[in-house]
Each structure stands twice: as structure tokens, then as C-alpha cells.
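File shown: data12.csv (CSV, C-alpha atoms).
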```
chain,number,residue,atom,x,y,z
A,194,MET,CA,-33.1,260.8,259.1
A,195,LYS,CA,-31.1,264.0,259.3
A,196,SER,CA,-29.2,263.0,256.2
A,197,LEU,CA,-32.4,262.7,254.3
A,198,LEU,CA,-33.5,266.2,255.3
A,199,VAL,CA,-30.4,267.6,253.5
A,200,TRP,CA,-31.8,266.4,250.1
A,201,ILE,CA,-35.2,267.9,250.5
A,202,PRO,CA,-34.3,271.5,249.4
A,203,LEU,CA,-32.8,270.1,246.2
A,204,LEU,CA,-36.3,268.8,245.2
A,205,PHE,CA,-37.5,272.4,245.1
A,206,VAL,CA,-34.6,274.0,243.3
A,207,PRO,CA,-36.2,273.9,239.8
A,208,ALA,CA,-39.3,275.7,241.3
A,209,VAL,CA,-37.1,278.4,242.9
A,210,VAL,CA,-34.3,278.8,240.3
A,211,ASN,CA,-35.7,279.5,236.8
A,212,SER,CA,-32.4,279.0,235.0
A,213,ASN,CA,-31.4,276.1,232.8
A,214,VAL,CA,-27.8,277.0,233.2
A,215,VAL,CA,-27.9,276.5,237.0
A,216,LEU,CA,-29.9,273.3,236.6
A,217,THR,CA,-27.4,272.0,234.0
A,218,ILE,CA,-24.5,272.7,236.3
A,219,LEU,CA,-26.4,270.7,239.0
A,220,ILE,CA,-27.1,267.8,236.6
A,221,PHE,CA,-23.4,267.5,235.8
A,222,THR,CA,-22.6,267.9,239.5
A,223,PHE,CA,-24.9,265.0,240.5
A,224,ILE,CA,-23.7,262.7,237.7
A,225,LEU,CA,-20.0,263.4,238.3
A,226,GLY,CA,-20.7,263.3,242.0
A,227,ILE,CA,-21.6,259.6,241.6
A,228,LEU,CA,-18.2,259.2,239.9
A,229,ALA,CA,-16.3,260.9,242.7
A,230,ILE,CA,-18.3,259.2,245.5
A,231,SER,CA,-17.7,255.8,244.0
A,232,PHE,CA,-14.0,256.6,243.6
A,233,ASN,CA,-13.7,257.6,247.2
A,234,LEU,CA,-14.8,254.2,248.3
A,235,ILE,CA,-11.6,252.8,246.8
A,236,PHE,CA,-9.4,255.8,247.5
A,237,GLY,CA,-10.7,257.4,250.7
A,238,PHE,CA,-12.1,254.5,252.6
A,239,THR,CA,-9.9,251.6,251.4
A,240,GLY,CA,-6.7,253.5,250.7
A,241,GLN,CA,-6.1,252.4,247.1
A,242,LEU,CA,-5.3,255.0,244.5
A,243,SER,CA,-7.0,253.6,241.4
A,244,LEU,CA,-6.4,255.3,238.0
A,245,PHE,CA,-8.9,252.9,236.3
A,246,HIS,CA,-11.9,254.8,237.4
A,247,ALA,CA,-12.0,257.0,234.2
A,248,ALA,CA,-11.8,253.8,232.1
A,249,ALA,CA,-14.7,252.3,234.0
A,250,PHE,CA,-16.7,255.5,233.3
A,251,GLY,CA,-15.9,255.4,229.6
A,252,LEU,CA,-16.2,251.6,229.0
A,253,SER,CA,-19.7,251.6,230.5
A,254,ALA,CA,-20.8,254.5,228.3
A,255,TYR,CA,-19.6,252.6,225.2
A,256,ALA,CA,-21.1,249.3,226.3
A,257,THR,CA,-24.5,250.9,227.1
A,258,TYR,CA,-24.8,252.6,223.7
A,259,LEU,CA,-23.4,249.7,221.6
A,260,SER,CA,-25.6,247.2,223.3
A,261,MET,CA,-28.6,249.4,222.5
A,262,GLN,CA,-27.5,249.8,218.9
A,263,HIS,CA,-26.7,246.1,218.2
A,264,TRP,CA,-29.1,244.3,220.4
A,265,GLY,CA,-32.0,246.7,220.4
A,266,VAL,CA,-32.3,246.8,224.2
A,267,THR,CA,-33.6,249.8,226.2
A,268,PHE,CA,-31.3,252.3,228.0
A,269,TRP,CA,-31.8,250.7,231.4
A,270,VAL,CA,-30.9,247.2,230.1
A,271,GLY,CA,-28.0,248.7,228.3
A,272,MET,CA,-26.8,250.3,231.6
A,273,ILE,CA,-27.0,246.9,233.2
A,274,VAL,CA,-24.9,245.5,230.4
A,275,GLY,CA,-22.4,248.3,230.9
A,276,VAL,CA,-22.2,247.8,234.7
A,277,ALA,CA,-21.8,244.0,234.2
A,278,PHE,CA,-19.1,244.5,231.6
A,279,VAL,CA,-17.2,246.9,233.9
A,280,THR,CA,-17.7,244.6,236.9
A,281,LEU,CA,-16.2,241.6,235.0
A,282,ILE,CA,-13.2,243.6,233.8
A,283,SER,CA,-12.7,245.0,237.3
A,284,ILE,CA,-12.7,241.5,238.8
A,285,VAL,CA,-10.0,240.5,236.4
A,286,ILE,CA,-7.8,243.6,236.9
A,287,GLY,CA,-8.4,243.6,240.7
A,288,ALA,CA,-7.5,239.9,240.9
A,289,ILE,CA,-4.2,240.5,239.1
A,290,CYS,CA,-3.3,243.6,241.1
A,291,PHE,CA,-4.2,242.3,244.6
A,292,ARG,CA,-3.0,238.7,244.0
A,293,PHE,CA,0.5,240.2,243.3
A,294,LYS,CA,-0.1,242.5,246.4
A,295,LEU,CA,0.5,245.7,244.5
A,296,ARG,CA,0.2,248.7,246.7
A,297,GLU,CA,0.4,252.5,246.6
A,298,LEU,CA,2.4,253.7,243.6
A,299,TYR,CA,2.6,250.3,241.9
A,300,PHE,CA,-1.1,249.8,242.1
A,301,ALA,CA,-1.7,253.3,240.6
A,302,ILE,CA,0.7,252.7,237.7
A,303,VAL,CA,-0.8,249.3,236.8
A,304,THR,CA,-4.4,250.6,236.9
A,305,LEU,CA,-3.3,253.5,234.8
A,306,ALA,CA,-1.7,251.0,232.3
A,307,PHE,CA,-5.0,249.1,232.1
A,308,SER,CA,-6.9,252.4,231.6
A,309,GLU,CA,-4.6,253.4,228.8
A,310,LEU,CA,-5.0,250.0,227.2
A,311,ALA,CA,-8.8,250.4,227.2
A,312,ARG,CA,-8.4,253.9,225.7
A,313,LEU,CA,-6.2,252.5,222.9
A,314,VAL,CA,-8.6,249.7,222.1
A,315,ILE,CA,-11.5,252.2,221.8
A,316,LEU,CA,-9.4,254.6,219.8
A,317,ASN,CA,-8.2,252.1,217.3
A,318,TRP,CA,-11.2,249.8,216.9
A,319,THR,CA,-12.7,252.3,214.5
A,320,SER,CA,-15.2,249.8,212.8
A,321,PHE,CA,-16.9,249.3,216.1
A,322,THR,CA,-16.3,252.5,218.2
A,323,ASN,CA,-15.8,255.1,215.4
A,324,GLY,CA,-12.4,255.8,216.9
A,325,SER,CA,-11.3,259.4,217.7
A,326,LEU,CA,-14.5,260.8,216.0
A,327,GLY,CA,-16.7,259.5,218.8
A,328,ILE,CA,-20.3,258.6,218.5
A,329,ASN,CA,-23.3,261.0,218.4
A,330,PHE,CA,-26.4,259.5,220.0
A,331,THR,CA,-29.8,259.4,218.3
A,332,VAL,CA,-31.6,257.5,221.0
A,333,THR,CA,-32.7,258.7,224.5
A,334,PRO,CA,-33.5,256.9,227.7
A,335,THR,CA,-37.2,256.4,228.6
A,336,LEU,CA,-39.1,256.2,231.9
A,337,TRP,CA,-42.5,254.8,232.8
A,338,VAL,CA,-44.5,257.5,234.6
A,339,PRO,CA,-47.9,256.6,236.2
A,340,GLY,CA,-50.7,258.1,234.2
A,341,ARG,CA,-48.5,259.0,231.3
A,342,GLY,CA,-46.9,255.7,230.3
A,343,VAL,CA,-43.5,255.4,228.8
A,344,ILE,CA,-42.0,258.9,228.0
A,345,PRO,CA,-38.5,259.9,226.8
A,346,VAL,CA,-36.1,261.5,229.3
A,347,ALA,CA,-35.7,264.8,227.6
A,348,GLY,CA,-35.3,268.3,228.8
A,349,THR,CA,-33.4,269.8,231.7
A,350,LEU,CA,-36.1,269.3,234.3
A,351,MET,CA,-36.4,265.5,233.7
A,352,TRP,CA,-32.7,265.0,233.7
A,353,TYR,CA,-32.4,267.1,236.9
A,354,TYR,CA,-34.7,264.8,238.9
A,355,LEU,CA,-33.2,261.6,237.3
A,356,SER,CA,-29.7,262.6,238.2
A,357,LEU,CA,-30.7,263.7,241.6
A,358,ALA,CA,-32.4,260.4,242.3
A,359,ALA,CA,-29.3,258.6,241.0
A,360,VAL,CA,-26.9,260.4,243.3
A,361,MET,CA,-29.2,260.0,246.3
A,362,LEU,CA,-29.3,256.2,245.7
A,363,ALA,CA,-25.5,256.2,245.3
A,364,VAL,CA,-25.0,258.0,248.6
A,365,ILE,CA,-27.4,255.6,250.3
A,366,PHE,CA,-25.7,252.5,248.9
A,367,TYR,CA,-22.1,253.6,249.6
A,368,SER,CA,-23.2,254.8,253.1
A,369,ARG,CA,-24.6,251.4,253.9
A,370,VAL,CA,-21.4,249.8,252.7
A,371,VAL,CA,-19.1,252.1,254.6
A,372,HIS,CA,-21.0,251.9,257.9
A,373,SER,CA,-21.3,248.1,257.7
A,374,TRP,CA,-18.9,245.4,258.9
A,375,MET,CA,-17.5,245.5,255.4
A,376,GLY,CA,-16.7,249.2,255.8
A,377,ARG,CA,-14.8,248.4,259.0
A,378,CYS,CA,-12.7,245.9,257.0
A,379,PHE,CA,-12.0,248.6,254.4
A,380,ALA,CA,-10.9,251.0,257.2
A,381,SER,CA,-8.6,248.4,258.7
A,382,ILE,CA,-7.0,247.8,255.3
A,383,ARG,CA,-6.6,251.5,254.8
A,384,LEU,CA,-4.8,251.9,258.1
A,385,ASN,CA,-2.5,248.9,257.8
A,386,ASP,CA,-3.3,246.0,255.4
A,387,GLN,CA,-0.6,243.8,256.9
A,388,LEU,CA,-2.0,244.2,260.4
A,389,ALA,CA,-5.5,243.6,259.0
A,390,ASP,CA,-4.2,240.3,257.5
A,391,THR,CA,-2.8,239.2,260.8
A,392,LEU,CA,-6.2,239.9,262.5
A,393,GLY,CA,-7.9,237.5,260.1
A,394,ILE,CA,-9.3,239.9,257.5
A,395,ASN,CA,-9.1,238.6,254.0
A,396,VAL,CA,-7.3,241.6,252.5
A,397,PHE,CA,-7.4,240.2,248.9
A,398,ARG,CA,-11.2,239.7,249.1
A,399,TYR,CA,-12.1,243.1,250.6
A,400,LYS,CA,-9.7,245.1,248.4
A,401,LEU,CA,-11.3,243.4,245.4
A,402,ILE,CA,-14.9,244.1,246.6
A,403,SER,CA,-14.0,247.7,247.1
A,404,PHE,CA,-12.4,248.0,243.7
A,405,VAL,CA,-15.4,246.3,241.9
A,406,ALA,CA,-18.1,248.2,243.9
A,407,GLY,CA,-16.4,251.5,243.2
A,408,ASN,CA,-16.0,250.9,239.5
A,409,ALA,CA,-19.7,249.8,239.3
A,410,GLY,CA,-20.6,253.3,240.5
A,411,ALA,CA,-18.4,254.8,237.8
A,412,ALA,CA,-20.1,252.6,235.3
A,413,VAL,CA,-23.6,254.0,236.2
A,414,ALA,CA,-22.2,257.6,236.0
A,415,GLY,CA,-20.7,256.9,232.6
A,416,SER,CA,-24.0,255.6,231.2
A,417,LEU,CA,-25.9,258.6,232.5
A,418,TYR,CA,-23.3,261.2,231.5
A,419,SER,CA,-22.9,260.0,228.0
A,420,PHE,CA,-26.7,259.9,227.3
A,421,TYR,CA,-27.1,263.3,228.9
A,422,ILE,CA,-24.7,264.9,226.5
A,423,SER,CA,-25.6,262.4,223.7
A,424,TYR,CA,-22.0,261.8,222.8
A,425,ILE,CA,-19.0,259.6,223.6
A,426,ASP,CA,-15.4,259.6,222.6
A,427,PRO,CA,-12.0,258.3,223.8
A,428,TYR,CA,-11.5,261.5,225.9
A,429,TYR,CA,-13.6,259.8,228.6
A,430,PHE,CA,-10.5,257.7,229.3
A,431,SER,CA,-8.0,260.5,229.5
A,432,ILE,CA,-5.6,261.3,232.3
A,433,ASP,CA,-7.4,264.7,232.5
A,434,GLN,CA,-10.5,262.8,233.6
A,435,SER,CA,-8.6,260.8,236.2
A,436,LEU,CA,-7.1,264.0,237.6
A,437,ALA,CA,-10.5,265.6,237.8
A,438,ILE,CA,-11.9,262.6,239.7
A,439,ILE,CA,-9.1,262.7,242.2
A,440,ALA,CA,-9.5,266.5,242.6
A,441,MET,CA,-13.2,266.1,243.3
A,442,ALA,CA,-12.6,263.5,246.0
A,443,LEU,CA,-9.7,265.5,247.7
A,444,LEU,CA,-11.5,268.9,247.4
A,445,GLY,CA,-14.7,267.6,248.9
A,446,GLY,CA,-13.1,265.4,251.5
A,447,ARG,CA,-12.4,261.7,252.0
A,448,GLU,CA,-13.9,261.3,255.5
A,449,PHE,CA,-17.6,261.4,254.5
A,450,VAL,CA,-19.4,259.5,251.8
A,451,ALA,CA,-21.2,262.4,250.2
A,452,ALA,CA,-18.3,264.9,250.6
A,453,PRO,CA,-16.9,264.4,247.0
A,454,LEU,CA,-20.2,265.8,245.8
A,455,VAL,CA,-19.0,269.2,247.1
A,456,GLY,CA,-15.8,268.8,245.1
A,457,ALA,CA,-17.9,267.9,242.0
A,458,LEU,CA,-19.9,271.0,242.4
A,459,VAL,CA,-16.9,273.3,242.7
A,460,LEU,CA,-15.1,271.8,239.7
A,461,THR,CA,-18.3,271.7,237.6
A,462,ALA,CA,-19.2,275.3,238.3
A,463,LEU,CA,-15.6,276.7,238.0
A,464,PRO,CA,-15.4,276.5,234.2
A,465,HIS,CA,-18.7,278.3,233.9
A,466,LEU,CA,-17.4,281.1,236.2
A,467,ILE,CA,-14.0,281.3,234.6
A,468,GLU,CA,-13.9,280.7,230.8
A,469,VAL,CA,-10.7,278.7,230.2
A,470,ASN,CA,-9.6,276.2,227.6
A,471,ALA,CA,-8.9,272.5,228.3
A,472,GLU,CA,-5.2,273.0,228.8
A,473,ALA,CA,-5.7,275.8,231.3
A,474,ARG,CA,-8.4,273.7,233.1
A,475,LEU,CA,-5.9,270.9,233.6
A,476,LEU,CA,-3.5,273.4,235.2
A,477,ILE,CA,-6.3,274.7,237.5
A,478,TYR,CA,-7.1,271.1,238.6
A,479,GLY,CA,-3.5,270.5,239.3
A,480,PHE,CA,-3.3,273.8,241.3
A,481,ILE,CA,-6.4,272.9,243.3
A,482,LEU,CA,-4.9,269.5,244.1
A,483,ILE,CA,-1.7,271.0,245.4
A,484,VAL,CA,-3.5,273.7,247.5
A,485,THR,CA,-6.0,271.1,248.9
A,486,ILE,CA,-3.3,268.7,249.9
A,487,LEU,CA,-1.2,271.4,251.5
A,488,LEU,CA,-3.8,273.6,253.2
A,489,MET,CA,-7.0,271.4,253.4
A,490,PRO,CA,-5.9,267.7,253.6
A,491,THR,CA,-9.4,266.8,254.9
A,492,GLY,CA,-11.2,268.7,252.1
A,493,ILE,CA,-13.9,271.4,252.4
A,494,VAL,CA,-16.4,269.2,254.2
A,495,GLY,CA,-13.7,268.0,256.6
A,496,VAL,CA,-12.6,271.5,257.5
A,497,LEU,CA,-16.3,272.6,258.1
A,498,ALA,CA,-16.9,269.5,260.2
A,499,ARG,CA,-13.9,270.2,262.4
A,500,ARG,CA,-14.8,273.8,262.9
A,501,ARG,CA,-18.3,272.8,263.8
A,502,ARG,CA,-17.0,270.3,266.4
A,503,ALA,CA,-14.6,272.9,267.8
A,504,ALA,CA,-17.4,275.5,268.1
```
Translate the structure of the given file into C-alpha cells.
Amino acid sequence: MKSLLVWIPLLFVPAVVNSNVVLTILIFTFILGILAISFNLIFGFTGQLSLFHAAAFGLSAYATYLSMQHWGVTFWVGMIVGVAFVTLISIVIGAICFRFKLRELYFAIVTLAFSELARLVILNWTSFTNGSLGINFTVTPTLWVPGRGVIPVAGTLMWYYLSLAAVMLAVIFYSRVVHSWMGRCFASIRLNDQLADTLGINVFRYKLISFVAGNAGAAVAGSLYSFYISYIDPYYFSIDQSLAIIAMALLGGREFVAAPLVGALVLTALPHLIEVNAEARLLIYGFILIVTILLMPTGIVGVLARRRRAA
């Protein structure tokens, strides 16, 4: 109940803050927050450093749009197609990695290789994906609203509430997973997967479940993000994006499900407070990662929680 009360003030932000800039920052925060929260299920709660998350984000964006374009489906059906596509690929990649018992650095390198493979396919399949030029969208999602019927999701206010609802559902879903018996299996694997195996936990199965469930969240974020900015390109798959996802999770904290949302807010607002180019932004992300690991290994939320317990 207390966790639900935290979200209530966000419902009234548009009425208090009459600024599209602030609302836009919050929209990006909510969508990228889904990306970071889902990544933290794999990284923070299961202990697997996956570098495929950015690829799951990008593949879903492309799959959603291309299914709408070629099959004439709605955005929501297209999103389901994107999530299903990412889920299928994640099962294949996860089965390969976990069957060969890849851990730590080796798992990170192999998932990065699959991510780069996906980027190269998108980049070079120009007849289907338009290559490095990307794709500008001409379609928008729609919603059925009681009393108004089907309306397009357009304007900052509608996107604010849609992205807020999406991140709330993501937090609820991953919280239920983490605080279930399945979450306890994830925690055992994070602490010592060999010991977990001797205790009867099917390490292969639960690592795969975590990997697939986390990438499914990235797929939802990719669909929402691409249609909010009405554009997709191979940059979605870049190492910069992977670094940003890791930075969000570390900066917010890995101990709490919603903590990466704080990291997403900081890294989303930072470019608006400090005008820098893409190269400088990458350096800033790297610097934040180093400082966070050295000075705040539990992240912002972790530090605040410990101070509150000590008070």
C-alpha cells in the first residue's frame, strides 16, 4: 500500500507543472526507467551482466513498426509482435549461453556479440530496415477512451500518462517476480550459482527465465520509445545505449526494483541541464559509472535507505 502512495503525486504533476520540457523529461524517464528496471532483474537480482538489452530494445522497436507497416496491425498488436520476437530470440541466445554455463565476463562478451550481430543485420538489410538512414514514423498509437472512442496518442499529456501507467505496471510486475519464490531462486543464483545447483535449484531454467523476462521489458520500452520520438535507427543497438542502461541501474541502485528509475531520471535530465554532444555524454556516463562504483556501490536509493535505517 505504501508503495502505491509514492505514485500518487506523479498523477498530479501535469496540473502543477505547466512545462512541456519537464513533462518530456519525465516521459523519457518513465520509458527508459522500464528499460533500466527490466535490466536490473538480470543484472542486479540474478547477477548476470547482459549486454543484449539494448538489442532487445531496438529489435522490438523495428518489429513493432514493420509489423504495422506490412501487416496493417495496430500499435498494441505490433508491440505484442515485438515482445514475442524478442522473447523468441532471447530464449535461443539464453539457451546457448546458459547451456554452455557462460558466466561473468564470458556471458557479457557473448551477449555483446549477439547485440552487434543484430545491429549489423539492421544496418545492412537496407531494403527492409532502411539501413543507417533509419525510419520516420507516419503512424501513431491509439487508445480507446470511454465516452470518446478510439483516439490517437498525441501530445505530451497523453504520452505522460501512458508512460506513467507503463512504468507502474513494470514495477508491479517485476516486484511480484522478485518477491516470489522465483525471486528467491534468482537471489541464490546471484550469490553462488554452484551452491544453488547443489541445493536443487535448476540454474539453467531460472537464469533463462530471468534473461527472457528482463528482455521482454526492454521490448516494451523499445516500442514505446520509438513511437514517442517517431523514429528508429541502428543507434538503438549501440554500445552507448548499453553503457547508459548499466549506468541507470548502478546509479539508482540494484537492491530495489524501482531504484533504477532514479538513475534514469538523473541521466535523462542531465543532458538538458548540461548541453553536451554525444561523445561528451559518453564520457560523462563513464565517469558516473566509475564514481558510482567507487563511492556509491549501492546507488542513490541504496545510500538513502541505509541512512534512513541508521537514523
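The two atoms in question, CA of Asn323 in chain A and CA of Thr280 in chain A, are spaced 24.0 Å apart.
Excluding Val279 in chain A itself and any same-chain residue fewer than 4 positions from it, the protein and nucleic acid residues within 9 Å of it, counting all atoms listed in the file, are Ala248, Ala249, Phe250, Leu252, Ser253, Ala256, Val274, Gly275, Ser283, Ile284, Val405, Asn408, Ala409, Ala411 and Ala412 of chain A.
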Q) Using only C-alpha atoms, which of the listed residues (A:Arg341, A:Arg500, A:Arg377, A:His246) sits closest to Leu305 in chain A? A) A:His246
Q: Have a look at CA of Gly495 in chain A and CA of Phe238 in chain A and let me know their distance in Å, one decimal.
A: 14.2 Å
Q) Which residues, written as an NGL selection string, have at least one atom at most 12 Å from Arg499 in chain A, with all atoms listed in the file counted and residues fewer than 6 positions away on the same chain left out? A) :A and (446 or 448 or 489 or 491-493)
Put those residues in a file: C-alpha atoms, as a PDB file, in the coordinates of the input.
```
ATOM      1  CA  GLY A 446     -13.100 265.400 251.500  1.00  0.00           C
ATOM      2  CA  GLU A 448     -13.900 261.300 255.500  1.00  0.00           C
ATOM      3  CA  MET A 489      -7.000 271.400 253.400  1.00  0.00           C
ATOM      4  CA  THR A 491      -9.400 266.800 254.900  1.00  0.00           C
ATOM      5  CA  GLY A 492     -11.200 268.700 252.100  1.00  0.00           C
ATOM      6  CA  ILE A 493     -13.900 271.400 252.400  1.00  0.00           C
TER       7      ILE A 493
END
```
Q) Can you list, as number ranges by chain, every protein, DNA or RNA residue that comes within 10 Å of Ile315 in chain A when you count all atoms listed in the file, leaving out same-chain residues fewer than 6 positions away? A) A: 251-252, 255, 309, 321-325, 327, 426-427, 430
Q. Please, what distance in Å, to one decimal, runs between CA of Ala503 in chain A and CA of Leu488 in chain A?
A. 18.2 Å
Q: Excluding range 212-226 of chain A and any residue of its chain fewer than 2 positions from it, enumerate the residues within 7 Å of it, using only C-alpha atoms, and give them as number ranges by chain.
A: A: 210, 228-230, 349, 352-353, 356-357, 360, 414, 417-418, 453-454, 457-458, 461-462
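Nearest residue to Met375 in chain A, choosing from A:Leu401, A:Ala363, A:Leu326, A:Ala504 and counting all atoms listed in the file: A:Leu401.
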Q) Got a sec: who's within 10 Å of Ala301 in chain A, counting all atoms listed in the file, leaving out chain neighbours fewer than 3 positions off, as a VMD selection string? A) chain A and resid 241 to 245 290 295 to 298 304 to 306
(Q) Counting all atoms listed in the file, which residue out of A:Ile422, A:Leu443, A:Val450, A:Ile467 sits closest to Val496 in chain A? (A) A:Leu443
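The nearest approach to Lys400 in chain A among the residues A:Phe379, A:Trp200, A:Phe232, A:Tyr424, with only C-alpha atoms taken into account, belongs to A:Phe379.
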Q.
Using all atoms listed in the file, can you tell me which of A:Ser231, A:Asn329, A:Asn211, A:Ser308 comes closest to Gln434 in chain A?
A. A:Ser308
Q: Rank A:Leu259, A:Leu281, A:Val332, A:Ala311 by their smallest atom-to-atom distance to Ser423 in chain A, using all atoms listed in the file, and report the top residue only.
A: A:Val332
With all heavy atoms as the target, complete range 331-341 of chain A and hand it back as a PDB file, keeping the file's coordinate frame.
```
ATOM      1  N   THR A 331     -28.471 259.037 218.845  1.00  0.00           N
ATOM      2  CA  THR A 331     -29.800 259.400 218.300  1.00  0.00           C
ATOM      3  C   THR A 331     -30.911 258.777 219.079  1.00  0.00           C
ATOM      4  O   THR A 331     -32.074 258.897 218.699  1.00  0.00           O
ATOM      5  CB  THR A 331     -29.867 258.860 216.809  1.00  0.00           C
ATOM      6  OG1 THR A 331     -29.619 257.445 216.796  1.00  0.00           O
ATOM      7  CG2 THR A 331     -28.839 259.563 215.919  1.00  0.00           C
ATOM      8  N   VAL A 332     -30.566 258.118 220.175  1.00  0.00           N
ATOM      9  CA  VAL A 332     -31.600 257.500 221.000  1.00  0.00           C
ATOM     10  C   VAL A 332     -31.522 258.177 222.416  1.00  0.00           C
ATOM     11  O   VAL A 332     -30.504 258.741 222.804  1.00  0.00           O
ATOM     12  CB  VAL A 332     -31.346 255.984 221.190  1.00  0.00           C
ATOM     13  CG1 VAL A 332     -31.609 255.285 219.887  1.00  0.00           C
ATOM     14  CG2 VAL A 332     -29.925 255.694 221.672  1.00  0.00           C
ATOM     15  N   THR A 333     -32.635 258.110 223.135  1.00  0.00           N
ATOM     16  CA  THR A 333     -32.700 258.700 224.500  1.00  0.00           C
ATOM     17  C   THR A 333     -33.277 257.678 225.455  1.00  0.00           C
ATOM     18  O   THR A 333     -34.040 256.788 225.064  1.00  0.00           O
ATOM     19  CB  THR A 333     -33.608 259.946 224.487  1.00  0.00           C
ATOM     20  OG1 THR A 333     -34.920 259.579 224.017  1.00  0.00           O
ATOM     21  CG2 THR A 333     -33.037 261.033 223.593  1.00  0.00           C
ATOM     22  N   PRO A 334     -32.940 257.794 226.725  1.00  0.00           N
ATOM     23  CA  PRO A 334     -33.500 256.900 227.700  1.00  0.00           C
ATOM     24  C   PRO A 334     -35.043 257.189 227.848  1.00  0.00           C
ATOM     25  O   PRO A 334     -35.516 258.275 227.511  1.00  0.00           O
ATOM     26  CB  PRO A 334     -32.812 257.297 229.020  1.00  0.00           C
ATOM     27  CG  PRO A 334     -31.587 258.011 228.587  1.00  0.00           C
ATOM     28  CD  PRO A 334     -31.923 258.677 227.299  1.00  0.00           C
ATOM     29  N   THR A 335     -35.770 256.223 228.346  1.00  0.00           N
ATOM     30  CA  THR A 335     -37.200 256.400 228.600  1.00  0.00           C
ATOM     31  C   THR A 335     -37.531 256.009 230.024  1.00  0.00           C
ATOM     32  O   THR A 335     -36.793 255.262 230.662  1.00  0.00           O
ATOM     33  CB  THR A 335     -38.034 255.525 227.619  1.00  0.00           C
ATOM     34  OG1 THR A 335     -37.645 254.155 227.764  1.00  0.00           O
ATOM     35  CG2 THR A 335     -37.843 255.971 226.185  1.00  0.00           C
ATOM     36  N   LEU A 336     -38.627 256.535 230.512  1.00  0.00           N
ATOM     37  CA  LEU A 336     -39.100 256.200 231.900  1.00  0.00           C
ATOM     38  C   LEU A 336     -40.595 255.944 231.805  1.00  0.00           C
ATOM     39  O   LEU A 336     -41.320 256.529 230.990  1.00  0.00           O
ATOM     40  CB  LEU A 336     -38.864 257.415 232.803  1.00  0.00           C
ATOM     41  CG  LEU A 336     -37.470 257.591 233.414  1.00  0.00           C
ATOM     42  CD1 LEU A 336     -37.444 258.876 234.222  1.00  0.00           C
ATOM     43  CD2 LEU A 336     -37.094 256.404 234.280  1.00  0.00           C
ATOM     44  N   TRP A 337     -41.042 255.050 232.699  1.00  0.00           N
ATOM     45  CA  TRP A 337     -42.500 254.800 232.800  1.00  0.00           C
ATOM     46  C   TRP A 337     -42.994 255.711 233.956  1.00  0.00           C
ATOM     47  O   TRP A 337     -42.523 255.638 235.094  1.00  0.00           O
ATOM     48  CB  TRP A 337     -42.777 253.371 233.129  1.00  0.00           C
ATOM     49  CG  TRP A 337     -44.250 253.112 233.255  1.00  0.00           C
ATOM     50  CD1 TRP A 337     -45.141 252.930 232.234  1.00  0.00           C
ATOM     51  CD2 TRP A 337     -45.008 253.046 234.468  1.00  0.00           C
ATOM     52  NE1 TRP A 337     -46.403 252.734 232.724  1.00  0.00           N
ATOM     53  CE2 TRP A 337     -46.357 252.807 234.099  1.00  0.00           C
ATOM     54  CE3 TRP A 337     -44.691 253.158 235.810  1.00  0.00           C
ATOM     55  CZ2 TRP A 337     -47.381 252.687 235.031  1.00  0.00           C
ATOM     56  CZ3 TRP A 337     -45.710 253.044 236.755  1.00  0.00           C
ATOM     57  CH2 TRP A 337     -47.033 252.800 236.367  1.00  0.00           C
ATOM     58  N   VAL A 338     -43.937 256.588 233.626  1.00  0.00           N
ATOM     59  CA  VAL A 338     -44.500 257.500 234.600  1.00  0.00           C
ATOM     60  C   VAL A 338     -45.985 257.173 234.769  1.00  0.00           C
ATOM     61  O   VAL A 338     -46.723 257.070 233.773  1.00  0.00           O
ATOM     62  CB  VAL A 338     -44.367 258.987 234.105  1.00  0.00           C
ATOM     63  CG1 VAL A 338     -45.003 259.944 235.108  1.00  0.00           C
ATOM     64  CG2 VAL A 338     -42.909 259.325 233.888  1.00  0.00           C
ATOM     65  N   PRO A 339     -46.438 256.969 236.021  1.00  0.00           N
ATOM     66  CA  PRO A 339     -47.900 256.600 236.200  1.00  0.00           C
ATOM     67  C   PRO A 339     -48.781 257.697 235.633  1.00  0.00           C
ATOM     68  O   PRO A 339     -48.598 258.896 235.842  1.00  0.00           O
ATOM     69  CB  PRO A 339     -47.972 256.632 237.776  1.00  0.00           C
ATOM     70  CG  PRO A 339     -46.584 256.325 238.251  1.00  0.00           C
ATOM     71  CD  PRO A 339     -45.666 256.980 237.269  1.00  0.00           C
ATOM     72  N   GLY A 340     -49.736 257.238 234.860  1.00  0.00           N
ATOM     73  CA  GLY A 340     -50.700 258.100 234.200  1.00  0.00           C
ATOM     74  C   GLY A 340     -50.265 258.658 232.882  1.00  0.00           C
ATOM     75  O   GLY A 340     -51.092 259.164 232.120  1.00  0.00           O
ATOM     76  N   ARG A 341     -48.965 258.531 232.577  1.00  0.00           N
ATOM     77  CA  ARG A 341     -48.500 259.000 231.300  1.00  0.00           C
ATOM     78  C   ARG A 341     -47.820 257.933 230.459  1.00  0.00           C
ATOM     79  O   ARG A 341     -47.544 258.124 229.276  1.00  0.00           O
ATOM     80  CB  ARG A 341     -47.459 260.147 231.518  1.00  0.00           C
ATOM     81  CG  ARG A 341     -48.057 261.371 232.204  1.00  0.00           C
ATOM     82  CD  ARG A 341     -47.048 262.484 232.313  1.00  0.00           C
ATOM     83  NE  ARG A 341     -46.582 262.924 231.006  1.00  0.00           N
ATOM     84  CZ  ARG A 341     -45.623 263.837 230.815  1.00  0.00           C
ATOM     85  NH1 ARG A 341     -45.022 264.379 231.867  1.00  0.00           N
ATOM     86  NH2 ARG A 341     -45.265 264.192 229.612  1.00  0.00           N
TER      87      ARG A 341
END
```
